[in-house]
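Undergrad: So that you have it, the file is query_17.cif, and it contains mmCIF, C-alpha atoms:
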```cif
data_run
loop_
_atom_site.label_atom_id
_atom_site.label_comp_id
_atom_site.auth_asym_id
_atom_site.auth_seq_id
_atom_site.Cartn_x
_atom_site.Cartn_y
_atom_site.Cartn_z
CA MET G 795 -209.76 56.38 -68.04
CA LEU G 796 -210.10 54.85 -64.59
CA ALA G 797 -206.35 54.34 -64.32
CA GLU G 798 -205.48 58.05 -64.29
CA PRO G 799 -206.60 58.80 -60.70
CA PHE G 800 -204.48 55.91 -59.46
CA ILE G 801 -201.51 57.05 -61.54
CA ILE G 802 -201.89 60.60 -60.19
CA PHE G 803 -202.09 59.27 -56.64
CA PHE G 804 -199.03 57.11 -57.30
CA LEU G 805 -197.12 60.11 -58.69
CA LEU G 806 -198.07 62.32 -55.77
CA ARG G 807 -196.98 59.60 -53.31
CA SER G 808 -193.67 59.31 -55.15
CA VAL G 809 -193.20 63.06 -54.95
CA LYS G 810 -194.15 62.97 -51.26
CA ARG G 811 -191.60 60.21 -50.63
CA MET G 812 -188.96 62.20 -52.48
CA LEU G 813 -189.67 65.22 -50.28
CA HIS G 814 -188.75 63.22 -47.16
CA ASN G 815 -185.33 62.42 -48.66
CA ASP G 816 -184.59 65.88 -50.06
CA ALA G 817 -184.58 68.76 -47.58
CA SER G 818 -184.21 71.33 -50.42
CA ALA G 819 -187.79 70.54 -51.64
CA ASP G 820 -189.57 71.04 -48.29
CA SER G 821 -191.55 74.01 -49.66
CA TRP G 822 -193.52 71.59 -51.89
CA ASP G 823 -194.69 69.42 -49.02
CA ARG G 824 -197.94 71.25 -48.25
CA PRO G 825 -199.09 71.67 -51.89
CA ILE G 826 -198.45 67.99 -52.62
CA THR G 827 -200.34 66.97 -49.48
CA PHE G 828 -203.25 69.16 -50.58
CA LEU G 829 -203.25 67.54 -54.04
CA LEU G 830 -203.29 64.08 -52.48
CA TYR G 831 -206.37 64.84 -50.43
CA ALA G 832 -207.97 66.57 -53.44
CA THR G 833 -207.34 63.48 -55.59
CA VAL G 834 -209.01 61.21 -53.06
CA ILE G 835 -212.00 63.51 -52.66
CA LEU G 836 -212.44 64.02 -56.39
CA PHE G 837 -212.18 60.29 -57.11
CA THR G 838 -214.74 59.57 -54.37
CA ALA G 839 -217.13 62.20 -55.80
CA GLU G 840 -216.68 60.72 -59.28
CA ILE G 841 -217.68 57.27 -58.07
CA ILE G 842 -220.65 58.48 -56.03
CA PHE G 843 -222.10 61.11 -58.36
CA HIS G 844 -220.96 59.64 -61.75
CA LEU G 845 -219.08 62.77 -62.77
CA ASP G 846 -216.67 60.98 -65.08
CA PHE G 847 -217.46 63.30 -68.04
CA ILE G 848 -216.18 66.29 -66.05
CA THR G 849 -213.47 64.66 -63.95
CA ARG G 850 -211.75 62.92 -66.86
CA TRP G 851 -210.53 66.30 -68.16
CA ILE G 852 -209.47 67.26 -64.65
CA TRP G 853 -207.48 64.02 -64.44
CA HIS G 854 -205.87 64.73 -67.83
CA ALA G 855 -204.95 68.26 -66.79
CA ALA G 856 -203.69 67.16 -63.38
CA LEU G 857 -201.62 64.31 -64.79
CA ILE G 858 -200.00 66.37 -67.56
CA GLY G 859 -199.53 69.27 -65.14
CA ILE G 860 -197.77 67.09 -62.58
CA ILE G 861 -195.54 65.59 -65.31
CA CYS G 862 -194.61 69.00 -66.73
CA MET G 863 -193.96 70.42 -63.27
CA ALA G 864 -191.67 67.50 -62.39
CA LEU G 865 -189.80 67.82 -65.69
CA LEU G 866 -189.35 71.59 -65.46
CA LYS G 867 -188.49 71.97 -61.75
CA GLN G 868 -184.88 71.20 -60.81
CA GLU G 869 -185.79 70.01 -57.31
CA PHE G 870 -187.77 67.09 -58.85
CA TYR G 871 -184.85 65.95 -61.00
CA SER G 872 -184.78 62.52 -59.40
CA LEU G 873 -188.39 61.84 -60.61
CA ARG G 874 -187.77 62.56 -64.29
CA THR G 875 -187.32 58.90 -65.22
CA LEU G 876 -190.71 58.13 -63.65
CA MET G 877 -192.30 61.07 -65.46
CA TYR G 878 -190.89 59.95 -68.80
CA ALA G 879 -192.36 56.52 -68.11
CA ILE G 880 -195.88 57.87 -67.58
CA LEU G 881 -195.79 60.66 -70.21
CA PRO G 882 -196.66 58.45 -73.26
CA PHE G 883 -199.67 57.01 -71.43
CA ALA G 884 -200.83 60.47 -70.36
CA ILE G 885 -200.59 61.82 -73.94
CA LEU G 886 -202.33 58.82 -75.54
CA SER G 887 -205.06 58.88 -72.90
CA PHE G 888 -205.67 62.55 -73.55
CA ILE G 889 -205.68 62.06 -77.37
CA SER G 890 -208.11 59.13 -77.08
CA ASP G 891 -210.61 61.11 -74.99
CA PHE G 892 -210.12 64.17 -77.19
CA PHE G 893 -211.00 62.29 -80.44
CA LYS G 894 -213.85 60.57 -78.71
CA PHE G 895 -215.23 63.93 -77.61
CA VAL G 896 -214.66 65.75 -80.92
CA SER G 897 -215.79 63.06 -83.42
CA GLU G 898 -217.22 59.69 -82.54
CA ARG G 899 -216.79 58.53 -86.18
CA GLN G 900 -213.10 59.47 -86.28
CA TYR G 901 -212.57 57.87 -82.93
CA ASN G 902 -214.00 54.57 -84.14
CA ILE G 903 -211.58 54.65 -87.12
CA ILE G 904 -208.46 55.03 -84.99
CA ASP G 905 -209.73 53.32 -81.86
CA ASN G 906 -207.87 50.09 -82.48
CA TYR G 907 -204.62 51.95 -83.10
CA LEU G 908 -205.11 54.05 -80.00
CA GLN G 909 -205.87 50.99 -77.87
CA ALA G 910 -202.73 49.26 -79.15
CA ALA G 911 -200.68 52.39 -78.48
CA VAL G 912 -202.12 52.64 -74.97
CA VAL G 913 -201.21 49.01 -74.31
CA PHE G 914 -197.65 49.65 -75.48
CA SER G 915 -197.55 52.85 -73.36
CA ILE G 916 -198.64 50.84 -70.34
CA ILE G 917 -195.94 48.25 -71.04
CA TRP G 918 -193.46 51.11 -71.45
CA MET G 919 -194.71 52.69 -68.25
CA VAL G 920 -194.36 49.46 -66.23
CA ALA G 921 -190.90 48.79 -67.63
CA MET G 922 -189.74 52.33 -66.96
CA ILE G 923 -191.23 52.27 -63.46
CA LEU G 924 -189.29 49.11 -62.74
CA VAL G 925 -186.16 50.73 -64.13
CA SER G 926 -186.93 53.86 -62.13
CA ASN G 927 -187.35 51.83 -58.95
CA LYS G 928 -184.07 50.10 -59.64
CA GLN G 929 -182.37 53.43 -60.27
CA ARG G 930 -183.97 54.88 -57.18
CA LYS G 931 -182.72 51.99 -55.09
CA ALA G 932 -179.26 52.40 -56.62
CA LEU G 933 -179.45 56.14 -56.00
CA LYS G 934 -180.57 55.48 -52.43
CA GLY G 935 -177.65 53.10 -51.97
CA GLU G 936 -175.25 55.70 -53.37
CA ARG G 937 -176.80 58.33 -51.13
CA GLU G 938 -176.45 56.09 -48.09
CA LYS G 939 -172.90 55.27 -49.10
CA THR G 940 -172.17 58.97 -49.51
CA GLN G 941 -173.75 59.67 -46.13
CA GLN G 942 -171.66 56.92 -44.57
CA GLN G 943 -168.53 58.34 -46.19
CA GLU G 944 -169.44 61.84 -44.99
CA GLU G 945 -170.19 60.47 -41.53
CA GLN G 946 -166.91 58.58 -41.54
CA LYS G 947 -165.11 61.69 -42.77
CA ARG G 948 -166.80 63.75 -40.06
CA TRP G 949 -165.86 61.12 -37.47
CA MET G 950 -162.29 61.06 -38.75
CA GLU G 951 -162.10 64.86 -38.52
CA ILE G 952 -163.42 64.74 -34.97
CA ARG G 953 -160.99 61.95 -34.15
CA LYS G 954 -158.19 63.89 -35.80
CA GLU G 955 -158.96 66.94 -33.68
CA GLU G 956 -159.05 64.76 -30.56
CA LEU G 957 -155.73 63.15 -31.52
CA GLU G 958 -154.16 66.54 -32.25
CA LYS G 959 -155.38 67.76 -28.90
CA THR G 960 -154.06 64.62 -27.19
CA VAL G 961 -150.73 64.93 -29.02
CA ALA G 962 -150.48 68.60 -28.03
CA GLU G 963 -151.21 67.75 -24.40
CA ARG G 964 -148.78 64.83 -24.47
CA THR G 965 -146.13 66.99 -26.12
CA SER G 966 -146.59 69.59 -23.43
CA GLU G 967 -146.28 66.90 -20.73
CA LEU G 968 -143.18 65.46 -22.40
CA ARG G 969 -141.65 68.93 -22.65
CA GLN G 970 -142.28 69.48 -18.95
CA GLN G 971 -140.89 66.04 -18.13
CA LYS G 972 -137.86 66.77 -20.30
CA GLU G 973 -137.26 70.02 -18.44
CA GLN G 974 -137.64 68.21 -15.12
CA VAL G 975 -135.26 65.45 -16.25
CA GLU G 976 -132.71 68.01 -17.47
CA SER G 977 -133.00 69.87 -14.18
CA THR G 978 -132.62 66.60 -12.24
CA LEU G 979 -129.66 65.63 -14.43
CA GLU G 980 -127.92 68.92 -13.70
CA GLU G 981 -128.53 68.38 -9.99
CA LEU G 982 -127.20 64.83 -10.24
CA LYS G 983 -124.10 66.04 -12.09
CA ALA G 984 -123.49 68.65 -9.42
CA THR G 985 -124.07 66.05 -6.69
CA GLN G 986 -121.79 63.58 -8.47
CA ALA G 987 -119.06 66.20 -8.75
CA GLN G 988 -119.40 66.91 -5.02
CA LEU G 989 -119.29 63.20 -4.19
CA ILE G 990 -116.24 62.65 -6.40
CA GLN G 991 -114.52 65.57 -4.69
CA SER G 992 -115.60 64.13 -1.34
CA GLU G 993 -114.11 60.77 -2.30
CA LYS G 994 -110.87 62.44 -3.34
CA MET G 995 -110.76 64.41 -0.11
CA ALA G 996 -111.45 61.25 1.90
CA SER G 997 -108.63 59.52 0.06
CA LEU G 998 -106.41 62.52 0.65
CA GLY G 999 -107.40 62.52 4.33
CA GLU G 1000 -106.39 58.88 4.72
CA LEU G 1001 -103.13 59.54 2.89
CA THR G 1002 -102.42 62.65 4.93
CA ALA G 1003 -102.96 60.75 8.19
CA GLY G 1004 -100.48 58.11 7.05
CA ILE G 1005 -98.02 60.77 5.90
CA ALA G 1006 -98.32 62.55 9.24
CA HIS G 1007 -97.48 59.32 11.03
CA GLU G 1008 -94.64 58.55 8.62
CA ILE G 1009 -93.15 62.02 8.85
CA GLN G 1010 -93.30 61.95 12.63
CA ASN G 1011 -90.58 59.26 12.82
CA PRO G 1012 -87.85 61.16 10.88
CA LEU G 1013 -88.80 64.37 12.68
CA ASN G 1014 -88.38 62.60 16.02
CA PHE G 1015 -84.94 61.37 14.90
CA VAL G 1016 -83.97 64.90 13.78
CA ASN G 1017 -85.13 66.42 17.07
CA ASN G 1018 -83.50 63.73 19.19
CA PHE G 1019 -80.16 63.83 17.40
CA SER G 1020 -80.23 67.64 17.44
CA GLU G 1021 -80.69 67.61 21.23
CA VAL G 1022 -77.91 65.02 21.62
CA ASN G 1023 -75.60 67.10 19.43
CA SER G 1024 -76.28 70.18 21.55
CA GLU G 1025 -75.20 68.26 24.66
CA LEU G 1026 -72.18 66.81 22.86
CA ILE G 1027 -71.08 70.28 21.72
CA LEU G 1028 -71.08 71.47 25.36
CA GLU G 1029 -69.03 68.42 26.36
CA LEU G 1030 -66.69 69.06 23.43
CA LYS G 1031 -66.05 72.62 24.62
CA ASN G 1032 -65.33 71.41 28.18
CA GLU G 1033 -62.90 68.72 27.00
CA ILE G 1034 -61.06 71.26 24.80
CA ASN G 1035 -60.84 73.68 27.70
CA ASN G 1036 -59.48 70.87 29.88
CA GLY G 1037 -56.97 69.89 27.20
CA ASN G 1038 -58.37 66.39 26.68
CA LEU G 1039 -57.90 66.30 22.90
CA ASP G 1040 -58.49 62.56 22.49
CA ASP G 1041 -61.89 62.75 24.23
CA ALA G 1042 -62.68 65.90 22.21
CA LYS G 1043 -61.96 64.07 18.93
CA GLU G 1044 -64.19 61.16 19.95
CA ILE G 1045 -67.03 63.56 20.81
CA ALA G 1046 -66.53 65.35 17.46
CA ASN G 1047 -66.80 62.02 15.65
CA ASN G 1048 -70.08 61.32 17.49
CA ILE G 1049 -71.40 64.75 16.46
CA ALA G 1050 -70.50 64.05 12.80
CA GLU G 1051 -72.31 60.68 12.90
CA ASN G 1052 -75.35 62.31 14.42
CA GLU G 1053 -75.33 64.99 11.69
CA GLU G 1054 -75.34 62.30 9.03
CA LYS G 1055 -78.37 60.76 10.67
CA ILE G 1056 -80.06 64.17 10.87
CA VAL G 1057 -79.44 64.74 7.15
CA PHE G 1058 -80.73 61.24 6.31
CA HIS G 1059 -83.95 61.62 8.25
CA GLY G 1060 -84.41 65.20 6.99
CA LYS G 1061 -84.27 63.94 3.40
CA ARG G 1062 -86.71 61.19 4.34
CA ALA G 1063 -89.16 63.80 5.66
CA ASP G 1064 -88.63 65.88 2.50
CA ALA G 1065 -89.45 62.87 0.28
CA ILE G 1066 -92.65 62.21 2.24
CA VAL G 1067 -93.77 65.84 1.88
CA LYS G 1068 -93.07 65.77 -1.86
CA GLY G 1069 -95.11 62.58 -2.20
CA MET G 1070 -98.00 64.24 -0.37
CA LEU G 1071 -97.88 67.23 -2.69
CA GLN G 1072 -97.87 64.99 -5.75
CA HIS G 1073 -100.91 63.14 -4.49
CA SER G 1074 -102.85 66.29 -3.61
CA ARG G 1075 -102.42 68.05 -6.95
CA ASN G 1076 -104.23 67.10 -10.17
CA SER G 1077 -102.93 64.25 -12.29
CA SER G 1078 -100.19 65.10 -14.76
CA SER G 1079 -101.02 64.94 -18.44
CA THR G 1080 -98.04 62.72 -19.20
CA LYS G 1081 -97.01 59.32 -17.97
CA GLU G 1082 -93.80 58.74 -16.03
CA LEU G 1083 -91.48 55.77 -15.66
CA THR G 1084 -92.31 54.57 -12.16
CA ASP G 1085 -91.05 51.80 -9.90
CA ILE G 1086 -94.37 50.04 -9.29
CA ASN G 1087 -92.92 47.99 -6.40
CA ALA G 1088 -91.77 51.10 -4.53
CA LEU G 1089 -95.09 52.82 -5.26
CA ALA G 1090 -97.10 49.88 -3.93
CA ASP G 1091 -94.91 49.52 -0.83
CA GLU G 1092 -95.14 53.24 -0.05
CA TYR G 1093 -98.93 53.36 -0.34
CA LEU G 1094 -99.26 50.14 1.70
CA ARG G 1095 -97.44 51.75 4.62
CA LEU G 1096 -99.26 55.07 4.17
CA ALA G 1097 -102.67 53.36 4.19
CA TYR G 1098 -101.74 51.35 7.28
CA HIS G 1099 -100.48 54.33 9.26
CA GLY G 1100 -103.46 56.43 8.09
CA LEU G 1101 -105.89 53.92 9.56
CA ARG G 1102 -103.78 53.58 12.71
CA ALA G 1103 -103.93 57.35 13.14
CA LYS G 1104 -107.73 57.27 13.04
CA ASP G 1105 -108.19 54.07 15.07
CA LYS G 1106 -105.50 53.14 17.57
CA SER G 1107 -107.05 49.67 18.01
CA PHE G 1108 -106.57 48.88 14.34
CA ASN G 1109 -103.91 46.30 13.61
CA ALA G 1110 -103.20 43.99 10.69
CA THR G 1111 -100.36 41.99 9.23
CA MET G 1112 -98.91 43.44 6.02
CA LYS G 1113 -97.17 41.15 3.56
CA THR G 1114 -95.49 41.92 0.25
CA ASP G 1115 -94.23 39.77 -2.59
CA PHE G 1116 -92.64 41.95 -5.26
CA ASP G 1117 -91.22 40.78 -8.60
CA GLU G 1118 -87.93 42.70 -8.86
CA SER G 1119 -87.65 41.92 -12.58
CA ILE G 1120 -90.43 44.34 -13.41
CA GLY G 1121 -88.34 47.48 -13.20
CA LYS G 1122 -90.01 50.78 -14.07
CA ILE G 1123 -93.24 51.01 -16.10
CA ASP G 1124 -94.85 53.96 -17.87
CA ILE G 1125 -97.90 55.06 -15.82
CA PHE G 1126 -99.57 58.05 -14.21
CA PRO G 1127 -98.08 57.61 -10.73
CA GLN G 1128 -100.55 59.82 -8.87
CA ASP G 1129 -103.58 58.09 -10.42
CA MET G 1130 -102.19 54.59 -9.90
CA GLY G 1131 -101.30 55.55 -6.34
CA ARG G 1132 -104.96 56.45 -5.74
CA VAL G 1133 -106.04 53.06 -7.12
CA ILE G 1134 -103.60 51.10 -4.95
CA LEU G 1135 -104.43 53.20 -1.88
CA ASN G 1136 -108.17 52.61 -2.41
CA LEU G 1137 -107.76 48.83 -2.83
CA ILE G 1138 -105.51 48.53 0.21
CA THR G 1139 -107.84 50.67 2.34
CA ASN G 1140 -110.80 48.45 1.32
CA ALA G 1141 -108.74 45.35 2.19
CA PHE G 1142 -107.90 46.76 5.65
CA TYR G 1143 -111.60 47.59 6.15
CA ALA G 1144 -112.61 44.02 5.22
CA VAL G 1145 -110.19 42.34 7.64
CA THR G 1146 -111.05 44.82 10.43
CA GLU G 1147 -114.78 44.05 10.10
CA LYS G 1148 -114.11 40.32 10.17
CA LYS G 1149 -111.86 40.74 13.21
CA LYS G 1150 -114.63 42.57 15.07
CA ARG G 1151 -117.13 39.83 14.21
CA VAL G 1152 -114.77 37.05 15.29
CA ASP G 1153 -113.95 38.82 18.56
CA GLU G 1154 -117.66 39.29 19.31
CA ASN G 1155 -118.40 35.60 18.62
CA PRO G 1156 -115.29 33.60 19.58
CA SER G 1157 -115.21 29.90 18.82
CA ALA G 1158 -112.90 27.39 20.48
CA SER G 1159 -113.09 25.09 17.46
CA LEU G 1160 -111.65 27.72 15.08
CA PRO G 1161 -108.05 28.93 15.05
CA ALA G 1162 -107.31 32.52 16.10
CA TYR G 1163 -108.00 34.96 13.29
CA GLU G 1164 -105.09 37.13 12.15
CA PRO G 1165 -106.06 40.03 9.80
CA THR G 1166 -103.70 39.92 6.84
CA VAL G 1167 -103.32 42.05 3.72
CA LEU G 1168 -100.98 40.92 0.93
CA ILE G 1169 -99.81 42.98 -2.01
CA CYS G 1170 -97.76 41.33 -4.70
CA THR G 1171 -96.54 42.14 -8.20
CA LYS G 1172 -95.64 39.88 -11.09
CA LYS G 1173 -94.54 40.29 -14.69
CA LEU G 1174 -96.53 38.25 -17.20
CA ASN G 1175 -95.35 38.55 -20.81
CA GLN G 1176 -96.35 42.08 -21.85
CA MET G 1177 -98.40 42.75 -18.73
CA VAL G 1178 -97.65 43.64 -15.12
CA GLU G 1179 -100.00 42.18 -12.55
CA ILE G 1180 -100.67 43.79 -9.16
CA ARG G 1181 -102.66 41.78 -6.63
CA VAL G 1182 -104.19 43.17 -3.43
CA SER G 1183 -105.49 40.29 -1.29
CA ASP G 1184 -107.18 40.08 2.10
CA ASN G 1185 -108.47 37.24 4.28
CA GLY G 1186 -111.74 38.99 5.16
CA ASP G 1187 -115.28 37.70 4.62
CA GLY G 1188 -115.19 38.10 0.85
CA ILE G 1189 -117.86 39.66 -1.37
CA SER G 1190 -121.33 38.20 -1.82
CA GLN G 1191 -121.86 36.72 -5.30
CA ASN G 1192 -125.09 38.66 -5.83
CA VAL G 1193 -123.23 41.99 -5.66
CA VAL G 1194 -119.92 41.10 -7.36
CA ASP G 1195 -121.17 42.40 -10.72
CA LYS G 1196 -122.15 45.74 -9.15
CA ILE G 1197 -119.04 46.72 -7.16
CA PHE G 1198 -117.50 48.75 -10.01
CA GLN G 1199 -120.73 50.70 -10.61
CA PRO G 1200 -120.74 54.36 -9.46
CA PHE G 1201 -122.34 54.97 -6.04
CA PHE G 1202 -122.63 51.26 -5.19
CA THR G 1203 -121.15 50.34 -1.82
CA THR G 1204 -121.45 47.53 0.68
CA LYS G 1205 -120.32 49.76 3.53
CA PRO G 1206 -122.85 51.20 6.00
CA THR G 1207 -124.33 54.63 5.31
CA GLY G 1208 -121.84 57.38 6.02
CA GLN G 1209 -118.74 55.17 5.65
CA GLY G 1210 -118.47 55.14 1.86
CA THR G 1211 -119.61 57.07 -1.19
CA GLY G 1212 -119.48 54.14 -3.61
CA LEU G 1213 -117.06 55.99 -5.91
CA GLY G 1214 -113.71 54.52 -4.90
CA LEU G 1215 -113.88 51.34 -6.98
CA SER G 1216 -115.64 53.00 -9.91
CA MET G 1217 -112.91 55.71 -10.07
CA SER G 1218 -110.24 53.01 -9.78
CA TYR G 1219 -111.85 51.07 -12.62
CA GLU G 1220 -111.91 54.18 -14.82
CA ILE G 1221 -108.25 54.96 -14.07
CA VAL G 1222 -107.06 51.41 -14.82
CA THR G 1223 -109.21 50.63 -17.88
CA LYS G 1224 -109.46 54.01 -19.60
CA GLY G 1225 -106.45 55.87 -18.25
CA HIS G 1226 -103.98 52.98 -18.61
CA ASN G 1227 -105.73 50.58 -21.07
CA GLY G 1228 -105.50 47.91 -18.41
CA GLU G 1229 -107.81 45.51 -16.59
CA LEU G 1230 -109.29 45.46 -13.10
CA HIS G 1231 -111.33 42.57 -11.76
CA VAL G 1232 -111.94 40.71 -8.52
CA GLU G 1233 -111.73 37.13 -7.32
CA THR G 1234 -113.60 36.34 -4.12
CA LYS G 1235 -114.70 33.42 -1.98
CA ALA G 1236 -117.28 33.73 0.77
CA GLY G 1237 -115.65 33.59 4.19
CA LEU G 1238 -112.11 33.36 2.79
CA GLY G 1239 -111.40 36.80 1.38
CA SER G 1240 -111.01 38.74 -1.87
CA THR G 1241 -108.27 39.55 -4.34
CA PHE G 1242 -108.36 42.60 -6.60
CA ILE G 1243 -106.20 42.13 -9.68
CA ILE G 1244 -104.77 45.00 -11.73
CA LYS G 1245 -103.22 44.23 -15.10
CA LEU G 1246 -101.20 47.00 -16.84
CA PRO G 1247 -99.57 46.84 -20.27
CA VAL G 1248 -95.80 47.24 -20.14
#
```
Could you express the structure from this file as structure tokens?
TA:
Amino acid sequence: MLAEPFIIFFLLRSVKRMLHNDASADSWDRPITFLLYATVILFTAEIIFHLDFITRWIWHAALIGIICMALLKQEFYSLRTLMYAILPFAILSFISDFFKFVSERQYNIIDNYLQAAVVFSIIWMVAMILVSNKQRKALKGEREKTQQQEEQKRWMEIRKEELEKTVAERTSELRQQKEQVESTLEELKATQAQLIQSEKMASLGELTAGIAHEIQNPLNFVNNFSEVNSELILELKNEINNGNLDDAKEIANNIAENEEKIVFHGKRADAIVKGMLQHSRNSSSTKELTDINALADEYLRLAYHGLRAKDKSFNATMKTDFDESIGKIDIFPQDMGRVILNLITNAFYAVTEKKKRVDENPSASLPAYEPTVLICTKKLNQMVEIRVSDNGDGISQNVVDKIFQPFFTTKPTGQGTGLGLSMSYEIVTKGHNGELHVETKAGLGSTFIIKLPV
């Protein structure tokens, strides 16, 4: 039949196309190519030289051979549907030519049946080819989908490796940053401890200067009265030797009065020294009943004399307004003394700075400025209020919220550590369950208010 060369060519082209999509069947590429060229040459020779009697058996053998090869070889599994489609036609075509060759009479008897069978085989072949093409397209789609999934999986694995590498690098960087932060934190803690100690020493230095000034007065009285008593004792001896008993008694009375004054001022000096020792040592672990008025008055004078000892030009008016009904309250006296001392020292600093500014820029239209610091106490229900006020320049509103933060200071560099108010806030709020806040007006001054539970 004339159709067989075309079917063979179609089959070989299908096999050739399959080879391009299946790398495992590459070894068949050259033989299939050879068969394609051989099919074209043989078909051309058949047409030119009318060799159909010989070539028809070659076509039958080639067609059945290709079908059997495709059905038996595993690498051509995807072509089996196509081979099953063509197999009935190949068998019927071979049987038809075989009967025609063996017996013309027998062929004529079954010719109609064979022709009908061939027609049905062709219909079968076309239908199966269409099904095969559909399956091949579906298989191609599945293969492409599988390739896409494999490509996506490969991309995800590559991305995963990149992410793992990035995470490892980032983790290493974070670990290094953590170590640097921990090292910096340790340095900051050490620096903070040094600054806190520096603040305490500065406070102690101010207190010590005030104590030195305070203790100088009773010591001067003791020295002066001791010298006077030495002279009076010599006079007493002379009067006794001269027999003037009345004058001797009067001198003895003077000596006794001077001794009382020496004892009084000696005890005063002793009290000042004890106060200094209490301030210099660590805070006690227990609270004590303390006269808050006396404590505030003492630290007011100590702060004033401490600043006077450092700056002879310093001068300010000190005012007090104490509520005597308060009595004694349960506090840590050394800690509260530090708080009061710090607030009073800041108040003196504020009025001193304003005094310098006013003196540098005098104005005839303004009254003379008198630096004044006021400390007052008041009992309010279950609270005791301590106010430290000054008539300085006040605190700017944009920094009021920051003044109790550690290391924040409005003083020039070198004149403050920024720890005084933060330590005071900690002592009042955490150490005494109290309150500490500030009221200020620009150009008029500030008032720091301490509230302690009774």
Undergrad: List the residues matched by the PyMOL selection byres ((chain G and resi 1184-1199) around 9) in the displayed structure as a PyMOL selection string, ordered by chain and then by residue number.
TA: chain G and resi 1138+1141-1149+1164-1169+1182-1183+1200-1204+1212-1219+1231-1241
Undergrad: I need the output of the PyMOL selection byres ((chain G and resi 926) around 10) for this file as a PyMOL selection string; which residues are they?
TA: chain G and resi 872-879+919-925+927-933
Undergrad: In Å, rounded to a single decimal, give me how far atom CA of G:Leu829 is from atom CA of G:Thr849.
TA: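 We find that atom CA of G:Thr849 and atom CA of G:Leu829 lie 14.5 Å from each other.
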Undergrad: Can you translate the PyMOL selection byres ((chain G and resi 861) around 9) into the concrete residues it hits in this file, as a CSV table (one decimal) with C-alpha atoms, in the coordinates of the input?
TA:
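The result, written out as result_31.csv:
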```csv
chain,number,residue,atom,x,y,z
G,805,LEU,CA,-197.1,60.1,-58.7
G,856,ALA,CA,-203.7,67.2,-63.4
G,857,LEU,CA,-201.6,64.3,-64.8
G,858,ILE,CA,-200.0,66.4,-67.6
G,859,GLY,CA,-199.5,69.3,-65.1
G,860,ILE,CA,-197.8,67.1,-62.6
G,862,CYS,CA,-194.6,69.0,-66.7
G,863,MET,CA,-194.0,70.4,-63.3
G,864,ALA,CA,-191.7,67.5,-62.4
G,865,LEU,CA,-189.8,67.8,-65.7
G,866,LEU,CA,-189.4,71.6,-65.5
G,874,ARG,CA,-187.8,62.6,-64.3
G,877,MET,CA,-192.3,61.1,-65.5
G,878,TYR,CA,-190.9,60.0,-68.8
G,880,ILE,CA,-195.9,57.9,-67.6
G,881,LEU,CA,-195.8,60.7,-70.2
G,884,ALA,CA,-200.8,60.5,-70.4
```
Undergrad: How far is it from atom CA of G:Asn1047 to atom CA of G:Glu1025, in Å with one decimal?
TA: 13.8 Å
Undergrad: Just how far from atom CA of G:Thr978 is atom CA of G:Thr1223, in Å to one decimal?
TA: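 These atoms are spaced 28.9 Å apart.
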Undergrad: Can you pull out the residues contacting G:Leu830? Cut-off 12 Å, using all atoms listed in the file, and skip same-chain residues under 3 positions away; I want them as a list in words.
TA: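 After dropping sequence-adjacent residues, the list is Pro799, Phe800, Ile801, Ile802, Phe803, Phe804, Leu805, Leu806, Arg807, Ser808, Val809, Lys810, Asp823, Arg824, Pro825, Ile826, Thr827, Thr833, Val834, Ile835, Leu836, Phe837, Ala856 and Ile860 of chain G.
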Undergrad: Where's the centre, and what are the edge lengths in Å to one decimal, of a box along x, y and z enclosing all listed atoms of stretch 845-862 of chain G padded 3 Å per side, as JSON?
TA:
```
{"center_x": -206.8, "center_y": 65.1, "center_z": -65.4, "size_x": 30.5, "size_y": 14.3, "size_z": 11.6}
```
Undergrad: Tell me, as a PyMOL selection string, which residues lie within 12 Å of G:Ser1107, counting only C-alpha atoms; anything in the same chain fewer than 3 positions away does not count.
TA: chain G and resi 1099+1101-1104+1110+1146+1149-1150
Undergrad: Neighbours of stretch 893-897 of chain G within 12 Å (all atoms listed in the file; same-chain residues fewer than 5 positions away dropped), as a list in words?
TA: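 With the cut-off at 12 Å, the set is Phe847, Ile848, Arg850, Trp851, Leu886, Ser887, Phe888, Asn902, Ile903, Ile904, Asp905 and Leu908 of chain G.
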Undergrad: For the selection just defined, write its residues with C-alpha atoms to a file, as a PDB file, keeping the file's coordinate frame.
TA:
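Below you can see out_4.pdb, which holds the result:
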```pdb
ATOM      1  CA  PHE G 847    -217.460  63.300 -68.040  1.00  0.00           C
ATOM      2  CA  ILE G 848    -216.180  66.290 -66.050  1.00  0.00           C
ATOM      3  CA  ARG G 850    -211.750  62.920 -66.860  1.00  0.00           C
ATOM      4  CA  TRP G 851    -210.530  66.300 -68.160  1.00  0.00           C
ATOM      5  CA  LEU G 886    -202.330  58.820 -75.540  1.00  0.00           C
ATOM      6  CA  SER G 887    -205.060  58.880 -72.900  1.00  0.00           C
ATOM      7  CA  PHE G 888    -205.670  62.550 -73.550  1.00  0.00           C
ATOM      8  CA  ASN G 902    -214.000  54.570 -84.140  1.00  0.00           C
ATOM      9  CA  ILE G 903    -211.580  54.650 -87.120  1.00  0.00           C
ATOM     10  CA  ILE G 904    -208.460  55.030 -84.990  1.00  0.00           C
ATOM     11  CA  ASP G 905    -209.730  53.320 -81.860  1.00  0.00           C
ATOM     12  CA  LEU G 908    -205.110  54.050 -80.000  1.00  0.00           C
TER      13      LEU G 908
END
```
Undergrad: Excluding G:Asn1227 and residues on its chain fewer than 2 positions from it, collect all residues at most 12 Å away from it, counting all atoms listed in the file, and give them as a ChimeraX atom specification.
TA: /G:1124-1126,1177,1219-1225,1229-1230,1244-1248
